[in-house]
Amino acid sequence: MRYIEQQAVVKRMNGRLIANSIFKYIFLAATLVALVALIILLYRIVSQGMGHLSIEFLTNFASRFPEKAGIKAALVGSLWLMLVVAPTSIILGVGSAIYLEEYAKQNRITTFIRMNISNLAGVPSVVFGLLGLTIFVRAMALGNSILAAGFTMSLLILPVIVVASQEAIRSVPGELRDASFGMGATKWQTIVKIILPAAIPGILTGSILALSRAIGETAPLIVIGVPVIIQFLPAGVMDTFTALPMQIYDWSSRPQPEFQNVAAAGIMVLMAVLLFMNSIAVIIRNKFDKRY
Amino acid sequence: MTTIVTKKAITEELVNDSAKKAVYETNQLNLWYGANHALKNIDLEIMENEVTAIIGPSGCGKSTYLKTLNRMVELVPSVKTSGEILYRGRNIFDHDYGVEELRTRVGMVFQKPNPFPKSIYDNIAYGPRIHGIKNKKILDEIVEKSLRGAAIWEEVKDRLNENAYSISGGQQQRICIARALAIEPDVILMDEPTSALDPISTLKVEELVQELKKDYSIIIVTHNMQQAARISDKTAFFLNGEVIEFDQTDTIFSNPSDKRTEDYISGRFG
Amino acid sequence: MTTIVTKKAITEELVNDSAKKAVYETNQLNLWYGANHALKNIDLEIMENEVTAIIGPSGCGKSTYLKTLNRMVELVPSVKTSGEILYRGRNIFDHDYGVEELRTRVGMVFQKPNPFPKSIYDNIAYGPRIHGIKNKKILDEIVEKSLRGAAIWEEVKDRLNENAYSISGGQQQRICIARALAIEPDVILMDEPTSALDPISTLKVEELVQELKKDYSIIIVTHNMQQAARISDKTAFFLNGEVIEFDQTDTIFSNPSDKRTEDYISGRFG
Amino acid sequence: GSTETGTQTAGESGVEGTVSGDGSSTVAPIMEGIVEEYAGVQPDVQVTVGTSGTGGGFEKFIQGETDFSNASRPIKEEEAASLEEAGIEYTEFELAYDGLSVVVSQENDWVEDLTVEDLKKLWVEDGTTKKWSDINPEWPDEEVVFYAPGTDSGTFDYFNEVILEEEDLVSSATLSEDDNTLVQGIQADPNAIGFFGYAYYVANQDTLKVVSIDGVEPNNETIESGEYSPLSRPLFTYASNAALTDNEAAYDFMTYAIENAGAMAEAVGYVALPQEDYDKDLADLEALK
Amino acid sequence: MRPSVQEMIARSNGKKNKKVIEKIIPVLLFLIASVSVLTSIGIVVTLIVETITFFTRVPFFDFIFGTTWLPFSNKDAQFGILPLIVGTLKVTLIATIVAVPIGISAAIYLSEYASENVRRILKPVLEVLAGVPTIVYGFFALTFVTPILQSVFPEIKIFNAISPGIVVGIMIIPMIASLSEDAMSSVPKSIREGALAMGSTKFEVAWKITVPAALSGIIASVVLAVSRAIGETMIVSLAAGSTPRFDGDFTGSIQTMTAYIVQVSKGDAGFGTTIYYSIYAVGFTLFVFTMVMNILAGYVSKRFREEY
Ligand SMILES: Nc1ncnc2c1ncn2[C@@H]1O[C@H](COP(=O)(O)OP(=O)(O)OP(=O)(O)O)[C@@H](O)[C@H]1O
Ligand SMILES: Nc1ncnc2c1ncn2[C@@H]1O[C@H](COP(=O)(O)OP(=O)(O)OP(=O)(O)O)[C@@H](O)[C@H]1O
Ligand SMILES: [Mg+2]
Ligand SMILES: [Mg+2]
Ligand SMILES: O=P([O-])([O-])[O-]
């Protein structure tokens with residue numbers, strides 16, 4: 001006997017197809033929620049901040065007058081911060097990734113390091129702030145300097161860079177490694193000449209994304225005690241400084257309503273910096289996408 | 001058929017030239033991946049300036065054996081071996097035998113073409129460079145000679161600075177062979193070098209192998225029995241990690257002494 | 001050899017039973033992947049209750065043709081087709097022909113076993129369930145019948161609740177066949193169903209195919225020519241997207257009319 | 001025109017160096033304005049001013065981390081003692097008057113005036129739920145929503161001292177160091193009440209309604225005259241003597257700050273001291289040089 | 001005629017000693033890799049040391065079972081952390097309610113329905129959303145979402161748990177969507193094809209095959225996202241208020257653990273005061289919460305990993 005009757009199948013088919021298309025639109029709508037949220041957020045900020053955006057806004061120091069308030073100190077401060085964070089975190093991150101992917105034996109220490117890195121990625125940034133405050137600001141007496149904040153941020157984004165670099169290294173086809181070893185190359189030669197060049201786009205993309213996270217983080221800076229009323233540019237890594245998110249936070253918490261618009265303009269600058277960094281990442285990714 | 005003629009010629013040549021030396025002597029080699037006993041008591045003697053084919057069904061240990069010959073298999077962390085492999089008389093498992101040195105003498109070509117994501121020139125120059133040859137003129141010479149040796153010079157000589165991935169798969173595979181030739185190895189190991197190639201590229205590589213054996217000893221793994229029959233002098237038939245039969249290629253294909261070899265060759269399994 | 005006997009018997013049967021109907025008629029089918037013209041002017045007629053084998057070298061379009069028969073090929077976004085395929089007289093490319101319905105009538109077995117990551121029972125019951133069969137007793141019956149049909153009931157009847165990935169590859173493949181049988185299809189498409197299996201599992205699947213053709217029409221892609229010779233009634237030889245020859249299997253293998261077919265069968269290329 | 005006086009004594013010669021201060025966020029608007037103007041006069045002096053609140057500022061001052069510390073109340077005895085222990089000598093400079101303003105939302109149409117007693121009844125934690133009708137039966141039977149500056153602030157300390165008299169603040173209050181938080185919270189809620197520095201009220205006159213205390217509304221006259229009592233108070237900065245003598249930049253900045261404090265205070269909504277007081281401050285400063 | 005390549009190689013290998021480099025490099029890299037471990041140790045030790053000091057002043061049980069958080073009180077400061085935990089959980093709950101259905105639906109859409117082109121546009125959009133600094137989200141919550149909520153539900157206060165909850169939810173949508181999508185995409189195409197070839201609709205494939213197969217990954221993504229919501233700081237600092245409350249009200253001002261740390265840090269509680277130590281105790285509690293979630297996520301994705 002037959003269990004599946006073609007007629008019944010055909011009859012049910014309609015309902016199944018309708019369910020299929022209804023759910024398709026539900027899922028699509030959910031996806032678009034994210035898109036819509038982003039558009040509203042950007043529109044809102046641009047419409048609020050546009051009036052304030054000008055060359056002077058970029059070249060003025062902060063001011064008690066909203067119309068004179070500028071973002072120079074914060075912008076330069078954030079760049080200084082990157083000058084510390086980028087080399088520190090990339091050297092540490094890529095080094096760790098090379099160790100874990102190429103050298104580490106499958107033993108308990110390695111498992112522990114891996115587990116530790118994935119857990120570290122989940123530690124809230126405000127807790128990194130407490131670490132920075134205790135170790136860098138106080139114990140190492142760096143004060144609320146660029147160096148102290150930079151080290152804190154470097155540790156904060158370290159796990160992201162390690163994981164991205166690990167993935168980039170892992171995605172280098174094993175055949176390339178084999179080919180190099182097969183020619184009598186040593187491990188380090190293979191890493192430097194074959195694996196790293198092939199992995200560099202991935203590493204850079206991941207690192208830039210991590211750095212853009214560091215540029216936007218506020219909580220650790222607050223905990224470290226980064227000030228905002230600053231009328232000068234730092235001259236070295238031991239100087240005090242302020243950073244974009246701190247400045248935005250300060251403006252957004254000022255009583256005069258006009259400062260809300262200044263804050264929005266500050267956000268636009270911050271977002272522009274992020275957009276710039278992300279486009280570089282995207283360009284790198286697309287440029288080197290399909291090579292093997 | 002021409003292939004048969006060739007093989008006959010070879011056999012005659014072999015008989016004449018019985019003074020040929022062994023490059024590899026494998027004695028009671030065993031290999032385990034963890035608990036998986038992948039190679040069992042392998043005894044094989046591989047001769048200079050011959051093409052030795054290794055055939056057998058999937059998973060029988062062909063690639064494993066090949067990779068043991070240049071100790072690439074040790075890149076798998078769980079691998080354990082026993083027995084010995086003498087390369088030119090010296091046990092490659094000796095404690096003080098440097099793998100890098102061994103691999104400099106023994107080139108390898110892989111199943112999938114795997115050029116480096118660099119220019120064609122840099123691919124060929126890679127080997128000489130890592131071994132300390134920096135002189136641009138010497139490198140140029142080596143590159144040309146190797147590409148000629150791999151019968152691809154004419155096709156790429158005007159595009160040496162292009163990325164090696166911009167050429168066809170068959171050309172890539174010959175680039176890989178040229179890359180192996182660049183350090184003038186003694187032996188070339190090939191693991192199914194044509195299995196990812198189209199028929200025409202396959203033919204070219206097969207012709208090249210015939211050419212190369214004048215200067216090199218070649219060990220080639222293949223799943224294509226006709227290929228083994230066409231190009232090799234000797235054939236080893238592997239099954240479940242064991243060498244079932246090892247003999248002159250035409251003996252293996254026309255008159256195998258083991259029932260399993262016959263079954264395999266006639267397509268009864270695999 | 002027994003296979004030859006079987007084939008002879010089939011041929012006789014065929015002659016007698018010339019009233020057999022076509023399940024599929026392919027007329028001037030062309031298919032492009034983007035700019036790649038993968039199928040060219042295919043004309044094929046596939047008969048009820050027969051095993052039709054499709055052979056040819058890698059990349060010749062075997063899988064593509066098979067996947068066109070149940071329109072799975074449309075999952076590749078860049079695909080374009082022209083021509084028609086009549087299934088039971090109706091053009092499957094018709095605008096209002098629902099793919100889901102077509103695929104309910106036409107089962108498919110893939111190269112690599114691909115059971116769902118569910119229990120063995122749920123794998124088999126999946127099809128009936130989406131078609132609205134909820135009754136536990138009926139489902140039990142279907143599961144048993146399908147597993148018996150796929151000659152694997154005895155091996156798994158005590159582990160129906162285990163994950164389908166806990167059994168061997170050969171068993172998984174038969175589970176996939178049972179899964180296809182569970183919705184009682186009309187045609188079963190098989191794309192190299194034994195190429196990932198060991199010799200013994202291969203044998204079992206081959207026997208099963210012979211068994212199934214009593215009730216189903218089977219189209220099987222294989223790279224193993226001996227397999228095609230052993231189990232099929234008709235064979236189509238594809239090359240570069242074209243059908244070079246389509247005939248009774250023993251004609252193709254003993255007396256091919258095209259030089260290229262002969263070359264391929266004798267292992268001259270591929 | 002706040003810079004005119006400044007340029008007379010300070011900023012004649014190019015001074016270089018760094019000066020750091022911290023402390024009251026009530027004083028911050030004055031200090032911030034001064035820092036901003038000063039940067040135009042002495043671009044090579046780097047002044048940083050934190051706003052950790054009066055108490056927080058003193059903590060840093062005691063640690064020796066800062067050269068001066070702004071305060072919206074006089075230094076406490078404990079703080080003075082700690083400074084002595086740390087060997088830090090300091091000088092107190094008065095900068096301006098502030099009226100601590102009690103404000104409600106403009107949507108609140110019942111409260112115009114509260115007595116000190118009312119304030120106490122409202123703000124002291126006594127375990128009950130506070131309702132507006134508790135103060136005046138005609139007012140709505142709605143829960144009062146409280147906003148207050150953080151406890152590290154001098155403003156809180158001052159309110160604590162004169163209104164709460166060391167009782168606890170209602171525990172349902174939203175405490176924030178962030179004055180905008182307070183402004184936003186109060187303006188949006190008709191049942192809200194809060195207090196903070198007079199300058200913040202001035203900056204948000206449009207959205208907030210100030211409550212008069214015992215019939216007196218805070219404005220320049222009532223604050224300067226002391227009529228607005230007890231919620232008016234002086235604002236200070238405390239400078240380290242060592243910094244003033246050893247650090248030319250600190251001395252120069254402080255001179256500039258005092259010379260301009262009155263004008264700046266008025267500009268940002270506080271009340272300037274009588275000129276004699278600034279002259280006295282300057283004399284104190286001179287003495288330290 | 002030049003010497004053979006092998007001769008040249010032999011000569012140059014004789015000169016240089018690669019072996020030293022090969023020995024030093026792994027050690028160096030190991031030290032670098034240890035930095036992350038040192039960081040973890042640094043975090044744990046820092047938090048524990050200061051927390052222990054805190055517990056010499058505030059009894060442990062008062063801290064973890066206390067329902068009143070009144071650190072700034074003059075008379076008797078109370079440090080019962082439950083109100084802060086409740087505040088954190090309120091925001092997290094709302095965020096989860098917002099993000100889980102949307103995130104998973106988006107993941108299904110991307111992995112099962114979207115064409116390659118659509119995916120190529122939508123995924124970067126999600127990434128942008130994930131890359132927006134939290135201070136921006138906080139500003140958005142306070143100046144946009146809260147006023148809208150208030151105009152619909154007048155009883156909602158300017159500071160509340162709902163607005164930051166929704167915005168934290170929006171913030172973690174990309175995380176759930178992208179990690180769940182990874183989990184679903186890693187279900188082999190062949191399994192999906194198997195289901196389609198039986199006449200399943202796309203929805204049936206998604207709901208009956210892909211989602212169950214990827215369930216461990218999906219759950220892990222949710223757990224990770226919840227952990228992120230717990231640790232989120234700036235959004236709640238700006239928009240949730242600073243009233244530690246042990247009750248079930250979502251419409252009024254609350255305080256989370258993270259917001260408390262920021263509040264005190266901004267006020268810069270003097271080194272050595274109980275309040276100063278309390279931020280470490282709160283930080284440690286927060287750390288434990290997120291750590292448990294992270295370990296749980298790791299456990300879920302490992303323990304329940306589907307075989308295929
Ligand atoms: N890296 C590895 N780790 C563990 N086991 C392995 C590994 N590589 C191969 N094996 C196992 O060793 C055995 C021999 O494998 P090998 O790759 O040598 O076979 P082969 O003859 O080359 O097969 P094929 O024709 O498929 O390439 C198999 O059982 C295989 O599963
Ligand atoms: N998804 C795809 N997108 C683009 N081109 C494809 C796709 N799948 C197959 N092709 C191309 O179509 C042609 C036919 O491929 P098909 O897979 O049908 O060959 P086949 O005969 O099944 O080969 P094999 O024996 O290797 O399975 C090849 O040129 C192949 O590169
Ligand atoms: Mg192999
Ligand atoms: Mg195929
Ligand atoms: O910031 P305060 O002035 O209130 O200390």
# chains A, B, ... in the order shown; residues from 1 in each chain; ligands from 1
>>> residues_around(residues="stretch 148-152 of chain C", least_positions_apart="4", cutoff="12 Å", atoms="only C-alpha atoms", output="ChimeraX atom specification")
/C:109,120,124,141-144,156-160,167-168,170-182,184,201,203-216
>>> interface_residues(of="chain C", to="chain B", cutoff="12 Å", atoms="only C-alpha atoms", output="MDAnalysis selection string")
chainID C and resid 1 3 57:60 194:203 223:230 239:240 263:270
>>> interface_residues(of="chain A", to="chain C", cutoff="8 Å", atoms="only C-alpha atoms", output="ChimeraX atom specification")
/A:2-4,9-10,12-13
>>> residues_near_ligand(ligand="ligand 1", cutoff="10 Å", atoms="only C-alpha atoms and all ligand atoms", output="MDAnalysis selection string")
(chainID B and resid 31:39 54:68 73:79 111 191:192 221:223 238:241 270) or (chainID C and resid 196)
>>> closest_residue(among="C:Lys136, C:Lys118, C:Arg88, C:Lys112", to="ligand 2", atoms="only C-alpha atoms and all ligand atoms")
C:Lys112
>>> interface_residues(of="chain E", to="chain D", cutoff="12 Å", atoms="only C-alpha atoms", output="MDAnalysis selection string")
chainID E and resid 68:78 83 139 142:143 146:147 150:151 154:160 237:247 252:255 259:260 262:273 275:276
